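Q: What follows is the file entry_24.pdb, containing PDB, C-alpha atoms:
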ATOM      1  CA  MET A  28      83.350  35.242-100.814  1.00  0.00           C
ATOM      2  CA  LEU A  29      85.496  32.113-101.039  1.00  0.00           C
ATOM      3  CA  LYS A  30      85.985  29.599 -98.259  1.00  0.00           C
ATOM      4  CA  ALA A  31      88.562  26.875 -97.732  1.00  0.00           C
ATOM      5  CA  ASP A  32      86.861  23.466 -97.735  1.00  0.00           C
ATOM      6  CA  GLY A  33      87.047  21.548 -94.472  1.00  0.00           C
ATOM      7  CA  PHE A  34      88.128  24.484 -92.318  1.00  0.00           C
ATOM      8  CA  ASP A  35      84.804  25.884 -91.084  1.00  0.00           C
ATOM      9  CA  GLU A  36      85.891  25.421 -87.442  1.00  0.00           C
ATOM     10  CA  ALA A  37      88.921  27.634 -88.087  1.00  0.00           C
ATOM     11  CA  VAL A  38      86.983  30.670 -89.359  1.00  0.00           C
ATOM     12  CA  MET A  39      87.671  33.705 -87.172  1.00  0.00           C
ATOM     13  CA  GLY A  40      85.417  36.092 -89.049  1.00  0.00           C
ATOM     14  CA  MET A  41      85.268  38.356 -92.028  1.00  0.00           C
ATOM     15  CA  ALA A  42      87.454  41.280 -93.039  1.00  0.00           C
ATOM     16  CA  SER A  43      87.240  43.988 -95.672  1.00  0.00           C
ATOM     17  CA  ILE A  44      90.617  44.487 -97.328  1.00  0.00           C
ATOM     18  CA  TRP A  45      92.029  46.343-100.318  1.00  0.00           C
ATOM     19  CA  ARG A  46      93.346  44.064-103.035  1.00  0.00           C
ATOM     20  CA  ASP A  47      94.377  45.171-106.511  1.00  0.00           C
ATOM     21  CA  GLY A  48      92.789  48.590-105.950  1.00  0.00           C
ATOM     22  CA  SER A  49      89.390  47.208-104.918  1.00  0.00           C
ATOM     23  CA  LYS A  50      87.818  46.662-101.520  1.00  0.00           C
ATOM     24  CA  VAL A  51      86.815  43.006-101.073  1.00  0.00           C
ATOM     25  CA  ASP A  52      85.360  40.931 -98.232  1.00  0.00           C
ATOM     26  CA  VAL A  53      87.356  37.834 -97.280  1.00  0.00           C
ATOM     27  CA  LEU A  54      87.163  35.156 -94.608  1.00  0.00           C
ATOM     28  CA  VAL A  55      89.917  35.150 -92.006  1.00  0.00           C
ATOM     29  CA  TYR A  56      91.157  31.819 -90.651  1.00  0.00           C
ATOM     30  CA  ASP A  57      93.078  30.844 -87.518  1.00  0.00           C
ATOM     31  CA  GLY A  58      96.192  29.118 -88.856  1.00  0.00           C
ATOM     32  CA  ASN A  59      96.720  27.119 -85.653  1.00  0.00           C
ATOM     33  CA  LYS A  60      93.196  25.718 -85.838  1.00  0.00           C
ATOM     34  CA  MET A  61      93.769  24.803 -89.483  1.00  0.00           C
ATOM     35  CA  ILE A  62      96.880  22.874 -88.447  1.00  0.00           C
ATOM     36  CA  ALA A  63      94.912  21.079 -85.705  1.00  0.00           C
ATOM     37  CA  ILE A  64      92.221  20.077 -88.220  1.00  0.00           C
ATOM     38  CA  LEU A  65      94.820  18.659 -90.598  1.00  0.00           C
ATOM     39  CA  LYS A  66      96.564  16.792 -87.770  1.00  0.00           C
ATOM     40  CA  LYS A  67      93.223  15.081 -87.005  1.00  0.00           C
ATOM     41  CA  ASP A  68      93.444  13.771 -90.576  1.00  0.00           C
ATOM     42  CA  ASP A  69      96.753  12.048 -89.684  1.00  0.00           C
ATOM     43  CA  MET A  70      99.106  14.728 -91.023  1.00  0.00           C
ATOM     44  CA  THR A  71     102.206  15.624 -89.079  1.00  0.00           C
ATOM     45  CA  TYR A  72     102.749  19.231 -88.026  1.00  0.00           C
ATOM     46  CA  ASP A  73     105.250  19.759 -90.856  1.00  0.00           C
ATOM     47  CA  GLU A  74     102.926  18.164 -93.419  1.00  0.00           C
ATOM     48  CA  ALA A  75     100.096  20.425 -92.252  1.00  0.00           C
ATOM     49  CA  ILE A  76     102.293  23.522 -92.599  1.00  0.00           C
ATOM     50  CA  ASP A  77     103.353  22.453 -96.104  1.00  0.00           C
ATOM     51  CA  PHE A  78      99.721  21.805 -97.070  1.00  0.00           C
ATOM     52  CA  ILE A  79      98.558  25.222 -95.855  1.00  0.00           C
ATOM     53  CA  GLU A  80     101.479  27.070 -97.446  1.00  0.00           C
ATOM     54  CA  PHE A  81     100.935  25.443-100.829  1.00  0.00           C
ATOM     55  CA  ASN A  82      97.157  24.945-100.991  1.00  0.00           C
ATOM     56  CA  VAL A  83      95.838  27.940 -99.038  1.00  0.00           C
ATOM     57  CA  GLU A  84      98.443  30.695 -98.880  1.00  0.00           C
ATOM     58  CA  GLY A  85      99.972  29.827-102.258  1.00  0.00           C
ATOM     59  CA  ALA A  86      96.729  29.400-104.155  1.00  0.00           C
ATOM     60  CA  TYR A  87      95.492  32.405-106.080  1.00  0.00           C
ATOM     61  CA  VAL A  88      91.864  31.887-106.999  1.00  0.00           C
ATOM     62  CA  GLY A  89      90.885  35.496-107.516  1.00  0.00           C
ATOM     63  CA  MET A  90      90.606  38.716-105.585  1.00  0.00           C
ATOM     64  CA  CYS A  91      88.607  37.127-102.777  1.00  0.00           C
ATOM     65  CA  ASN A  92      91.273  34.648-101.583  1.00  0.00           C
ATOM     66  CA  THR A  93      90.977  33.660 -97.960  1.00  0.00           C
ATOM     67  CA  THR A  94      93.329  35.242 -95.411  1.00  0.00           C
ATOM     68  CA  LEU A  95      95.253  33.688 -92.519  1.00  0.00           C
TER
END
Show me the file's structure as structure tokens.
A:
Amino acid sequence: MLKADGFDEAVMGMASIWRDGSKVDVLVYDGNKMIAILKKDDMTYDEAIDFIEFNVEGAYVGMCNTTL
């Protein structure tokens, strides 16, 4: 199971989902908490959204990608 570095406080739990015909376990994150974490690192709201869209939602690192 993969996890997004630096976002442990935003983990909501685990989910079993079907992806590419296989059942996989993934971590589920609270997107609003992820934004709050990034804003603590001096990102604006818009920068945080862009970061999450590109680096989390847009990243394909295998069947066990994290889920927002």
Q: Output the residue selection produced by the PyMOL selection byres ((chain A and resi 43) around 9) on the file above, formatted as number ranges by chain.
A: A: 41-42, 44-45, 50-54
Q: Report the distance between CA of Asp77 (chain A) and CA of Leu29 (chain A) in Å, rounded to one decimal place.
A: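 Computing it gives 20.9 Å between the two atoms.
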Q: Need to verify the contact set: Gly58 (chain A), 12 Å, only C-alpha atoms, exclusion of same-chain residues closer than 6 positions in sequence. Can you return it as number ranges by chain?
A: A: 31, 34, 36-39, 64-65, 72, 75-76, 78-80, 83-84, 93-95
Q: For the atom pair CA of Asp68 (chain A) and CA of Gly40 (chain A), what is the interatomic distance in Å to one decimal place?
A: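 Separation of CA of Asp68 (chain A) and CA of Gly40 (chain A): 23.8 Å.
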Q: In Å, how far is it from CA of Asp69 (chain A) to CA of Asp57 (chain A)?
A: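 Computing the Euclidean distance for CA of Asp69 (chain A) and CA of Asp57 (chain A) yields 19.3 Å.
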Q: Hey, which of A:Thr71, A:Gly85, A:Asp35, A:Met28 ends up closest to Tyr56 (chain A)? Count all atoms listed in the file.
A: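 For Tyr56 (chain A), the nearest of the given residues is A:Asp35.
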Q: Which is closest to Gly33 (chain A) among A:Val55, A:Arg46, A:Lys66, A:Met61, if we use all atoms listed in the file?
A: A:Met61
